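Below is one structure, written out as structure tokens, with a few remarks after it.
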Amino acid sequence: MREIAAEWHAEKEVERIAVESRRRLEDEMVKNFGLLPDLDGTVSKDVDGYVIKITGRIDRKVDADKIQELAAQNGLESHLSTLCRWKPELNLSIWKATDPTITKLLAPAITAKPGRPSFTVNPKE
């Protein structure tokens, strides 16, 4: 197991260096093409036998309480169901603390599947 841990740690460092290097090159391309940081869409460039496609995204988050409040103040409640997706999320700590007679009835609406485990392997100092 020691060899596997050592190899994993070494590969993780190679990965970190590769990601750092790739991101530096991506930053250079953005700079060389004169793209703005708020690019929202796709730009394609033909460069010396390569097609470089850069897709910029703007992350948008909705304050659910605030948008509902503003919609109510302005008579726009009917637009929220088309402008926004409402995604219920499980509050696991409250779910676990709730009386099982309640959660048992709601459990068929919840799906759970294992995710990939995350690892941290560091040599002892």
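Scheme for the structure tokens: letters A, B, ... for chains in order shown; per-chain residue numbers from 1; ligand numbers from 1 in order shown.
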
Problem set entry | Non-local contacts of region 16-30 of chain A (10 Å; only C-alpha atoms; under 6 positions in same chain excluded) as a ChimeraX atom specification | /A:10,36-37,52,54

For this session: Write down as an MDAnalysis selection string the residues belonging to region 22-92 of chain A that are assigned helix (DSSP H, G or I) by DSSP computed on the backbone.
Result: chainID A and resid 22:33 64:73 77:83 92

Problem set entry | Two-atom distance - CA of Trp86 (chain A), CA of Glu69 (chain A) (Å) |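 According to the coordinates, CA of Trp86 (chain A) and CA of Glu69 (chain A) are separated by 15.2 Å.
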
Exercise. Which residue out of A:Val62, A:Ile4, A:Ile102, A:Val51 has the minimum interatomic distance to Arg85 (chain A) when only C-alpha atoms are used?
Worked result: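 Among the listed residues, A:Val62 lies closest to Arg85 (chain A).
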
For this session: Tell me, as a ChimeraX atom specification, which residues lie within 12 Å of Asp59 (chain A), counting only C-alpha atoms; anything in the same chain fewer than 5 positions away does not count.
Result: /A:38-40

Suppose we keep N, CA, C and O atoms; can you now write the selection as a PDB file, in the first residue's frame?
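Dumped to part-v6.pdb:
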```pdb
ATOM      1  N   ASP A  38     -15.324  39.202 -19.208  1.00  0.00           N
ATOM      2  CA  ASP A  38     -16.754  38.908 -19.089  1.00  0.00           C
ATOM      3  C   ASP A  38     -17.335  38.294 -20.371  1.00  0.00           C
ATOM      4  O   ASP A  38     -18.521  38.439 -20.653  1.00  0.00           O
ATOM      5  N   LEU A  39     -16.492  37.564 -21.118  1.00  0.00           N
ATOM      6  CA  LEU A  39     -16.953  36.868 -22.316  1.00  0.00           C
ATOM      7  C   LEU A  39     -18.075  35.903 -21.943  1.00  0.00           C
ATOM      8  O   LEU A  39     -17.921  35.077 -21.055  1.00  0.00           O
ATOM      9  N   ASP A  40     -19.199  36.049 -22.613  1.00  0.00           N
ATOM     10  CA  ASP A  40     -20.333  35.153 -22.376  1.00  0.00           C
ATOM     11  C   ASP A  40     -20.751  34.601 -23.728  1.00  0.00           C
ATOM     12  O   ASP A  40     -21.584  35.168 -24.419  1.00  0.00           O
TER      13      ASP A  40
END
```

For this session: Quick one: everything within 10 Å of Gly41 (chain A), counting only C-alpha atoms, minus sequence neighbours fewer than 4 positions away in the same chain. Send it as a ChimeraX atom specification.
Result: /A:54-58

Please produce a file of those selected residues containing all heavy atoms, as a compact mmCIF listing (two decimals), in the first residue's frame.
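Result went into out13.txt, see below:
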```txt
# COMPACT_ATOMS: atom_id res chain seq x y z
N ILE A 54 -12.80 29.16 -27.62
CA ILE A 54 -12.84 29.61 -26.23
C ILE A 54 -14.28 29.92 -25.87
O ILE A 54 -14.93 30.71 -26.54
CB ILE A 54 -11.95 30.85 -26.03
CG1 ILE A 54 -10.51 30.54 -26.45
CG2 ILE A 54 -12.02 31.34 -24.59
CD1 ILE A 54 -9.60 31.74 -26.53
N THR A 55 -14.76 29.28 -24.84
CA THR A 55 -16.12 29.50 -24.38
C THR A 55 -16.08 30.16 -23.01
O THR A 55 -15.52 29.61 -22.07
CB THR A 55 -16.91 28.17 -24.30
OG1 THR A 55 -16.87 27.55 -25.59
CG2 THR A 55 -18.35 28.40 -23.88
N GLY A 56 -16.63 31.35 -22.94
CA GLY A 56 -16.70 32.07 -21.67
C GLY A 56 -18.08 31.92 -21.06
O GLY A 56 -19.08 31.85 -21.77
N ARG A 57 -18.11 31.86 -19.76
CA ARG A 57 -19.38 31.72 -19.05
C ARG A 57 -19.44 32.74 -17.92
O ARG A 57 -18.43 33.02 -17.29
CB ARG A 57 -19.52 30.33 -18.45
CG ARG A 57 -19.72 29.23 -19.44
CD ARG A 57 -19.77 27.88 -18.71
NE ARG A 57 -19.39 26.78 -19.57
CZ ARG A 57 -18.16 26.46 -19.94
NH1 ARG A 57 -17.15 27.16 -19.50
NH2 ARG A 57 -17.93 25.45 -20.73
N ILE A 58 -20.62 33.23 -17.70
CA ILE A 58 -20.87 34.08 -16.55
C ILE A 58 -21.72 33.25 -15.59
O ILE A 58 -22.79 32.76 -15.96
CB ILE A 58 -21.64 35.37 -16.95
CG1 ILE A 58 -20.90 36.15 -18.04
CG2 ILE A 58 -21.92 36.22 -15.73
CD1 ILE A 58 -19.56 36.71 -17.65
```

Exercise. Could you pull out the strand (DSSP E or B) residues of region 23-82 of chain A from DSSP and send them as a count of residues only?
Worked result: 14

Problem set entry | CA of Ala112 (chain A) to CA of Pro88 (chain A), distance in Å rounded to a single decimal |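 We find that CA of Ala112 (chain A) and CA of Pro88 (chain A) lie 14.4 Å from each other.
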
Problem set entry | Who sits within 12 Å of region 104-110 of chain A, only C-alpha atoms, same chain under 3 positions skipped, as a VMD selection string | chain A and resid 88 to 92 95 to 96 98 to 101 113
